[in-house]
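File shown here: data34.pdb, holding PDB, C-alpha atoms, pLDDT in the B column.
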```pdb
ATOM      1  CA  MET A   1      60.556 -13.831  80.514  1.00 44.00           C
ATOM      2  CA  LYS A   2      62.288 -13.115  83.840  1.00 42.00           C
ATOM      3  CA  GLN A   3      64.872 -15.800  83.068  1.00 40.00           C
ATOM      4  CA  ILE A   4      65.703 -14.172  79.734  1.00 38.00           C
ATOM      5  CA  PHE A   5      65.983 -10.776  81.420  1.00 35.00           C
ATOM      6  CA  TRP A   6      68.406 -12.107  84.053  1.00 35.00           C
ATOM      7  CA  LEU A   7      70.376 -14.061  81.470  1.00 29.00           C
ATOM      8  CA  LEU A   8      70.769 -10.938  79.311  1.00 32.00           C
ATOM      9  CA  THR A   9      71.711  -8.895  82.392  1.00 36.00           C
ATOM     10  CA  ILE A  10      74.422 -11.389  83.344  1.00 35.00           C
ATOM     11  CA  ILE A  11      75.750 -11.571  79.786  1.00 35.00           C
ATOM     12  CA  PHE A  12      75.810  -7.772  79.513  1.00 38.00           C
ATOM     13  CA  THR A  13      77.598  -7.406  82.851  1.00 37.00           C
ATOM     14  CA  PHE A  14      80.364  -9.853  81.963  1.00 38.00           C
ATOM     15  CA  SER A  15      80.662  -8.483  78.426  1.00 36.00           C
ATOM     16  CA  ALA A  16      80.994  -4.932  79.722  1.00 38.00           C
ATOM     17  CA  GLN A  17      83.681  -6.020  82.182  1.00 40.00           C
ATOM     18  CA  ALA A  18      85.553  -7.931  79.476  1.00 42.00           C
ATOM     19  CA  PHE A  19      85.304  -4.933  77.140  1.00 40.00           C
ATOM     20  CA  ALA A  20      86.589  -2.584  79.838  1.00 43.00           C
ATOM     21  CA  GLU A  21      89.577  -4.853  80.461  1.00 48.00           C
ATOM     22  CA  ASN A  22      90.189  -5.328  76.729  1.00 58.00           C
ATOM     23  CA  ASP A  23      91.240  -1.783  76.010  1.00 84.00           C
ATOM     24  CA  SER A  24      94.706  -0.279  75.738  1.00 84.00           C
ATOM     25  CA  ASN A  25      93.448   2.812  77.628  1.00 90.00           C
ATOM     26  CA  ALA A  26      92.698   0.651  80.676  1.00 92.00           C
ATOM     27  CA  PHE A  27      96.447   0.331  81.323  1.00 95.00           C
ATOM     28  CA  GLU A  28      96.988   4.036  81.921  1.00 94.00           C
ATOM     29  CA  GLY A  29      97.340   5.106  85.517  1.00 92.00           C
ATOM     30  CA  PHE A  30      99.378   4.801  88.689  1.00 92.00           C
ATOM     31  CA  TYR A  31     100.502   1.520  90.268  1.00 95.00           C
ATOM     32  CA  TRP A  32     102.217   0.483  93.503  1.00 93.00           C
ATOM     33  CA  ASN A  33     105.177  -1.865  93.190  1.00 92.00           C
ATOM     34  CA  SER A  34     104.912  -5.181  95.059  1.00 91.00           C
ATOM     35  CA  ASP A  35     106.210  -3.905  98.421  1.00 89.00           C
ATOM     36  CA  LYS A  36     104.503  -0.481  98.117  1.00 88.00           C
ATOM     37  CA  SER A  37     107.844   1.326  98.234  1.00 87.00           C
ATOM     38  CA  ALA A  38     107.380   3.020  94.850  1.00 88.00           C
ATOM     39  CA  ILE A  39     104.683   4.270  92.504  1.00 90.00           C
ATOM     40  CA  ILE A  40     104.952   4.025  88.748  1.00 93.00           C
ATOM     41  CA  GLU A  41     102.824   5.704  86.102  1.00 93.00           C
ATOM     42  CA  LEU A  42     101.864   4.224  82.745  1.00 95.00           C
ATOM     43  CA  ARG A  43     101.118   6.762  80.007  1.00 95.00           C
ATOM     44  CA  LEU A  44      99.800   6.086  76.526  1.00 94.00           C
ATOM     45  CA  THR A  45     101.618   7.692  73.621  1.00 93.00           C
ATOM     46  CA  SER A  46     100.342   7.962  70.069  1.00 90.00           C
ATOM     47  CA  ASP A  47     101.486   4.413  69.277  1.00 91.00           C
ATOM     48  CA  SER A  48     102.744   2.791  72.489  1.00 94.00           C
ATOM     49  CA  ILE A  49     102.821   3.000  76.269  1.00 96.00           C
ATOM     50  CA  GLU A  50     105.593   4.265  78.532  1.00 96.00           C
ATOM     51  CA  GLY A  51     106.314   3.822  82.224  1.00 96.00           C
ATOM     52  CA  PHE A  52     107.810   6.337  84.647  1.00 94.00           C
ATOM     53  CA  THR A  53     108.811   6.182  88.307  1.00 91.00           C
ATOM     54  CA  VAL A  54     106.891   8.955  90.084  1.00 88.00           C
ATOM     55  CA  TRP A  55     107.581   8.218  93.736  1.00 85.00           C
ATOM     56  CA  GLY A  56     110.095   6.117  95.652  1.00 82.00           C
ATOM     57  CA  PRO A  57     112.002   5.829  98.902  1.00 69.00           C
ATOM     58  CA  ALA A  58     114.969   7.929  97.830  1.00 67.00           C
ATOM     59  CA  GLU A  59     113.875  10.851  95.691  1.00 69.00           C
ATOM     60  CA  THR A  60     117.483  11.863  95.119  1.00 78.00           C
ATOM     61  CA  GLN A  61     118.728   8.342  94.282  1.00 88.00           C
ATOM     62  CA  LYS A  62     120.757   8.404  91.080  1.00 92.00           C
ATOM     63  CA  ASP A  63     120.763   5.844  88.272  1.00 91.00           C
ATOM     64  CA  THR A  64     124.335   4.831  89.140  1.00 92.00           C
ATOM     65  CA  LYS A  65     124.249   1.407  87.486  1.00 93.00           C
ATOM     66  CA  ASN A  66     123.198   2.709  84.076  1.00 93.00           C
ATOM     67  CA  PRO A  67     125.723   1.576  81.449  1.00 94.00           C
ATOM     68  CA  ASP A  68     125.448   5.041  79.834  1.00 93.00           C
ATOM     69  CA  ILE A  69     127.738   7.183  81.992  1.00 94.00           C
ATOM     70  CA  ALA A  70     125.888  10.358  81.003  1.00 92.00           C
ATOM     71  CA  LEU A  71     122.636   8.936  82.471  1.00 92.00           C
ATOM     72  CA  GLN A  72     124.183   7.892  85.791  1.00 92.00           C
ATOM     73  CA  LYS A  73     123.687  11.381  87.219  1.00 92.00           C
ATOM     74  CA  HIS A  74     119.918  11.346  86.533  1.00 91.00           C
ATOM     75  CA  THR A  75     117.545  10.575  89.379  1.00 91.00           C
ATOM     76  CA  ILE A  76     115.365   7.461  89.336  1.00 91.00           C
ATOM     77  CA  ILE A  77     112.258   9.540  90.088  1.00 89.00           C
ATOM     78  CA  GLY A  78     110.897  10.797  86.787  1.00 89.00           C
ATOM     79  CA  MET A  79     112.908   8.256  84.827  1.00 91.00           C
ATOM     80  CA  LYS A  80     111.282   6.435  81.891  1.00 93.00           C
ATOM     81  CA  PHE A  81     111.849   2.721  82.406  1.00 95.00           C
ATOM     82  CA  LEU A  82     109.287   1.199  79.947  1.00 96.00           C
ATOM     83  CA  SER A  83     109.235   1.789  76.198  1.00 95.00           C
ATOM     84  CA  GLY A  84     108.720   0.269  72.763  1.00 96.00           C
ATOM     85  CA  PHE A  85     105.552  -1.716  73.481  1.00 97.00           C
ATOM     86  CA  GLU A  86     102.994  -2.793  70.871  1.00 96.00           C
ATOM     87  CA  TYR A  87      99.371  -3.358  71.859  1.00 96.00           C
ATOM     88  CA  SER A  88      97.624  -6.600  70.862  1.00 94.00           C
ATOM     89  CA  ASP A  89      93.821  -6.334  70.714  1.00 90.00           C
ATOM     90  CA  LYS A  90      93.593 -10.099  70.450  1.00 92.00           C
ATOM     91  CA  SER A  91      95.320 -10.809  73.760  1.00 92.00           C
ATOM     92  CA  ASN A  92      94.735  -7.407  75.430  1.00 92.00           C
ATOM     93  CA  LYS A  93      98.426  -7.188  76.263  1.00 95.00           C
ATOM     94  CA  TRP A  94     101.307  -4.902  75.529  1.00 96.00           C
ATOM     95  CA  LYS A  95     104.133  -6.945  73.953  1.00 96.00           C
ATOM     96  CA  ASN A  96     107.600  -6.569  72.452  1.00 96.00           C
ATOM     97  CA  GLY A  97     108.574  -3.801  74.844  1.00 96.00           C
ATOM     98  CA  LYS A  98     111.616  -3.040  76.940  1.00 97.00           C
ATOM     99  CA  VAL A  99     111.898  -2.618  80.706  1.00 96.00           C
ATOM    100  CA  TYR A 100     114.935  -1.055  82.344  1.00 95.00           C
ATOM    101  CA  ASP A 101     115.944  -2.215  85.825  1.00 92.00           C
ATOM    102  CA  PRO A 102     117.858   0.546  87.639  1.00 91.00           C
ATOM    103  CA  GLU A 103     118.966  -1.892  90.367  1.00 89.00           C
ATOM    104  CA  SER A 104     121.034  -3.884  87.852  1.00 93.00           C
ATOM    105  CA  GLY A 105     121.438  -1.356  85.033  1.00 95.00           C
ATOM    106  CA  LYS A 106     120.089  -3.941  82.582  1.00 95.00           C
ATOM    107  CA  THR A 107     117.302  -3.703  80.024  1.00 96.00           C
ATOM    108  CA  TYR A 108     115.050  -6.676  79.360  1.00 96.00           C
ATOM    109  CA  ASP A 109     112.393  -7.634  76.832  1.00 96.00           C
ATOM    110  CA  ALA A 110     108.950  -7.266  78.376  1.00 97.00           C
ATOM    111  CA  LYS A 111     105.226  -7.808  78.048  1.00 96.00           C
ATOM    112  CA  MET A 112     102.367  -6.864  80.336  1.00 96.00           C
ATOM    113  CA  GLY A 113      98.700  -7.465  80.903  1.00 96.00           C
ATOM    114  CA  LEU A 114      95.933  -6.605  83.354  1.00 96.00           C
ATOM    115  CA  LYS A 115      94.283  -8.951  85.861  1.00 94.00           C
ATOM    116  CA  ASN A 116      91.600  -8.663  88.538  1.00 93.00           C
ATOM    117  CA  GLY A 117      89.355  -6.326  86.593  1.00 91.00           C
ATOM    118  CA  GLY A 118      92.240  -3.990  85.794  1.00 92.00           C
ATOM    119  CA  ASP A 119      93.411  -3.622  89.401  1.00 94.00           C
ATOM    120  CA  THR A 120      96.609  -5.650  88.910  1.00 96.00           C
ATOM    121  CA  LEU A 121      99.273  -5.123  86.279  1.00 97.00           C
ATOM    122  CA  GLU A 122     101.454  -8.144  85.552  1.00 97.00           C
ATOM    123  CA  MET A 123     104.715  -7.361  83.810  1.00 96.00           C
ATOM    124  CA  ARG A 124     107.090 -10.067  82.649  1.00 96.00           C
ATOM    125  CA  GLY A 125     110.717  -9.194  81.975  1.00 95.00           C
ATOM    126  CA  TYR A 126     112.866 -11.716  80.131  1.00 96.00           C
ATOM    127  CA  ILE A 127     115.852 -12.290  77.888  1.00 94.00           C
ATOM    128  CA  GLY A 128     114.919 -13.782  74.530  1.00 88.00           C
ATOM    129  CA  VAL A 129     112.101 -16.113  75.607  1.00 87.00           C
ATOM    130  CA  ALA A 130     109.344 -15.140  78.070  1.00 86.00           C
ATOM    131  CA  LEU A 131     109.548 -18.618  79.608  1.00 88.00           C
ATOM    132  CA  PHE A 132     112.893 -17.634  81.110  1.00 89.00           C
ATOM    133  CA  GLY A 133     111.940 -14.484  82.929  1.00 92.00           C
ATOM    134  CA  ARG A 134     110.360 -12.991  86.009  1.00 94.00           C
ATOM    135  CA  THR A 135     106.889 -11.574  86.555  1.00 95.00           C
ATOM    136  CA  GLU A 136     106.292  -8.544  88.744  1.00 95.00           C
ATOM    137  CA  ARG A 137     102.845  -7.507  89.939  1.00 97.00           C
ATOM    138  CA  PHE A 138     101.725  -3.928  90.472  1.00 96.00           C
ATOM    139  CA  ASP A 139      98.496  -2.882  92.194  1.00 95.00           C
ATOM    140  CA  ARG A 140      96.560   0.075  90.841  1.00 94.00           C
ATOM    141  CA  VAL A 141      96.792   3.089  93.142  1.00 90.00           C
ATOM    142  CA  ARG A 142      93.427   4.124  94.523  1.00 81.00           C
ATOM    143  CA  VAL A 143      93.162   7.715  95.732  1.00 73.00           C
ATOM    144  CA  GLU A 144      91.626   6.649  99.032  1.00 73.00           C
ATOM    145  CA  ASN A 145      94.694   4.461  99.778  1.00 70.00           C
ATOM    146  CA  VAL A 146      97.381   7.062  99.090  1.00 70.00           C
ATOM    147  CA  PRO A 147      98.988   8.687 102.126  1.00 66.00           C
ATOM    148  CA  LYS A 148      98.548  12.460 101.957  1.00 67.00           C
ATOM    149  CA  GLY A 149     102.266  13.072 101.469  1.00 65.00           C
ATOM    150  CA  LEU A 150     102.263  11.024  98.276  1.00 67.00           C
ATOM    151  CA  MET A 151      99.420  12.935  96.670  1.00 68.00           C
ATOM    152  CA  ASN A 152     101.865  15.721  95.829  1.00 70.00           C
ATOM    153  CA  ALA A 153     104.030  13.296  93.822  1.00 63.00           C
ATOM    154  CA  ILE A 154     101.013  12.100  91.884  1.00 64.00           C
ATOM    155  CA  LYS A 155      99.786  15.642  91.252  1.00 68.00           C
ATOM    156  CA  SER A 156     103.268  16.646  90.063  1.00 69.00           C
ATOM    157  CA  ALA A 157     103.371  13.696  87.663  1.00 61.00           C
ATOM    158  CA  LEU A 158     100.011  14.691  86.243  1.00 63.00           C
ATOM    159  CA  GLN A 159     101.078  18.301  85.824  1.00 68.00           C
ATOM    160  CA  ALA A 160     104.282  17.239  84.061  1.00 63.00           C
ATOM    161  CA  ARG A 161     102.275  15.729  81.201  1.00 61.00           C
TER     162      ARG A 161
END
```
structure tokens encoding of this file:
Amino acid sequence: MKQIFWLLTIIFTFSAQAFAENDSNAFEGFYWNSDKSAIIELRLTSDSIEGFTVWGPAETQKDTKNPDIALQKHTIIGMKFLSGFEYSDKSNKWKNGKVYDPESGKTYDAKMGLKNGGDTLEMRGYIGVALFGRTERFDRVRVENVPKGLMNAIKSALQAR
């Protein structure tokens, strides 16, 4: 009887973790970029997910490489750089989206998924075929790891919703 209890406990634990990771809502939140020089926010919309830059090294940095001249005067902070994604329950990934790179001014096809129990976001940007692209990793921001000065940026992003 004890063996059945422990077996059911183990199955329930792994099932609950898999269920938690297999949910479009699990993607929402704040993430550090790979070198911790910026924080992005993912927000669910009624039918997709969008990404915004909420903190970075140069809060007044303009989107100077944007091919749309009218957008070149906008700041990178607050800018929407992810859009058009479709969620796949089967793979627990957001696919068929677009990611804008302000460093090059180019927009790429993109897909993204969660790893490490939802603590790591992996986003792949590519042209045409995902095989020919680049994957970026973002670590979920934990409140206890955020320097006090950054908390204001996060609070502002939440209030802007």
>> Given the PyMOL selection byres ((chain A and resi 61) around 12) and the file above, list the residues it selects as a ChimeraX atom specification.
In response: /A:53,55-60,62-65,72-79,102-103
> the PyMOL selection byres ((chain A and resi 133) around 12) on the file shown: which residues, as a list of chain:residue names?
Replying inline: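 Checked against the file, the PyMOL selection byres ((chain A and resi 133) around 12) matches A:Tyr108, A:Asp109, A:Ala110, A:Lys111, A:Met123, A:Arg124, A:Gly125, A:Tyr126, A:Ile127, A:Gly128, A:Val129, A:Ala130, A:Leu131, A:Phe132, A:Arg134, A:Thr135, A:Glu136.
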>> Translate the PyMOL selection byres ((chain A and resi 40) around 7) into a concrete residue list for this structure, as a list in words.
In response: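 Here the PyMOL selection byres ((chain A and resi 40) around 7) matches Phe30, Tyr31, Trp32, Ala38, Ile39, Glu41, Leu42, Gly51, Phe52, Thr53 and Val54 of chain A.
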Could you save those same residues with C-alpha atoms as a short mmCIF file (atom, residue, chain, number, x, y, z; two decimals), in the coordinates of the input?
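Final file, out_11.cif:
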```cif
data_model
loop_
_atom_site.label_atom_id
_atom_site.label_comp_id
_atom_site.auth_asym_id
_atom_site.auth_seq_id
_atom_site.Cartn_x
_atom_site.Cartn_y
_atom_site.Cartn_z
CA PHE A 30 99.38 4.80 88.69
CA TYR A 31 100.50 1.52 90.27
CA TRP A 32 102.22 0.48 93.50
CA ALA A 38 107.38 3.02 94.85
CA ILE A 39 104.68 4.27 92.50
CA GLU A 41 102.82 5.70 86.10
CA LEU A 42 101.86 4.22 82.74
CA GLY A 51 106.31 3.82 82.22
CA PHE A 52 107.81 6.34 84.65
CA THR A 53 108.81 6.18 88.31
CA VAL A 54 106.89 8.96 90.08
#
```
> Please, what distance in Å, to one decimal, runs between atom CA of A:Arg137 and atom CA of A:Lys106?
Replying inline: 19.1 Å
>> So the first atom is atom CA of A:Asp68 and the second is atom CA of A:Phe138; what is the distance between them in Å, to one decimal place?
In response: 27.5 Å
>> Please determine, counting all atoms listed in the file, which residue among A:Gly105, A:Leu114, A:Arg142, A:Leu44 has the shortest atom-to-atom distance to A:Leu71.
In response: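 Closest candidate: A:Gly105.
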> In file coordinates, which residues lie within 12 Å of (103.0, -4.4, 73.6) using all atoms listed in the file, given as a VMD selection string?
Replying inline: chain A and resid 24 27 44 47 to 50 82 to 99 109 to 113 123 to 124
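Ranking A:Arg140, A:Arg43, A:Ile69, A:Thr107 by their shortest atom-to-atom distance to A:Leu121, with only C-alpha atoms included, puts A:Arg140 first.
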> Expressed in Å to a single decimal, how great is the separation between atom CA of A:Lys115 and atom CA of A:Ser37?
Replying inline: 21.0 Å
Where is the centre and how long are the edges: axis-aligned box on stretch 23-32 of chain A, 3 Å on each side, Å to one decimal, as JSON:
```
{"center_x": 96.7, "center_y": 1.7, "center_z": 84.6, "size_x": 17.0, "size_y": 12.9, "size_z": 23.8}
```
> Which of these, A:Ser104, A:Pro67, A:Val141, A:Asp23, has the shortest distance to A:Asp119 once you count all atoms listed in the file?
Replying inline: A:Val141
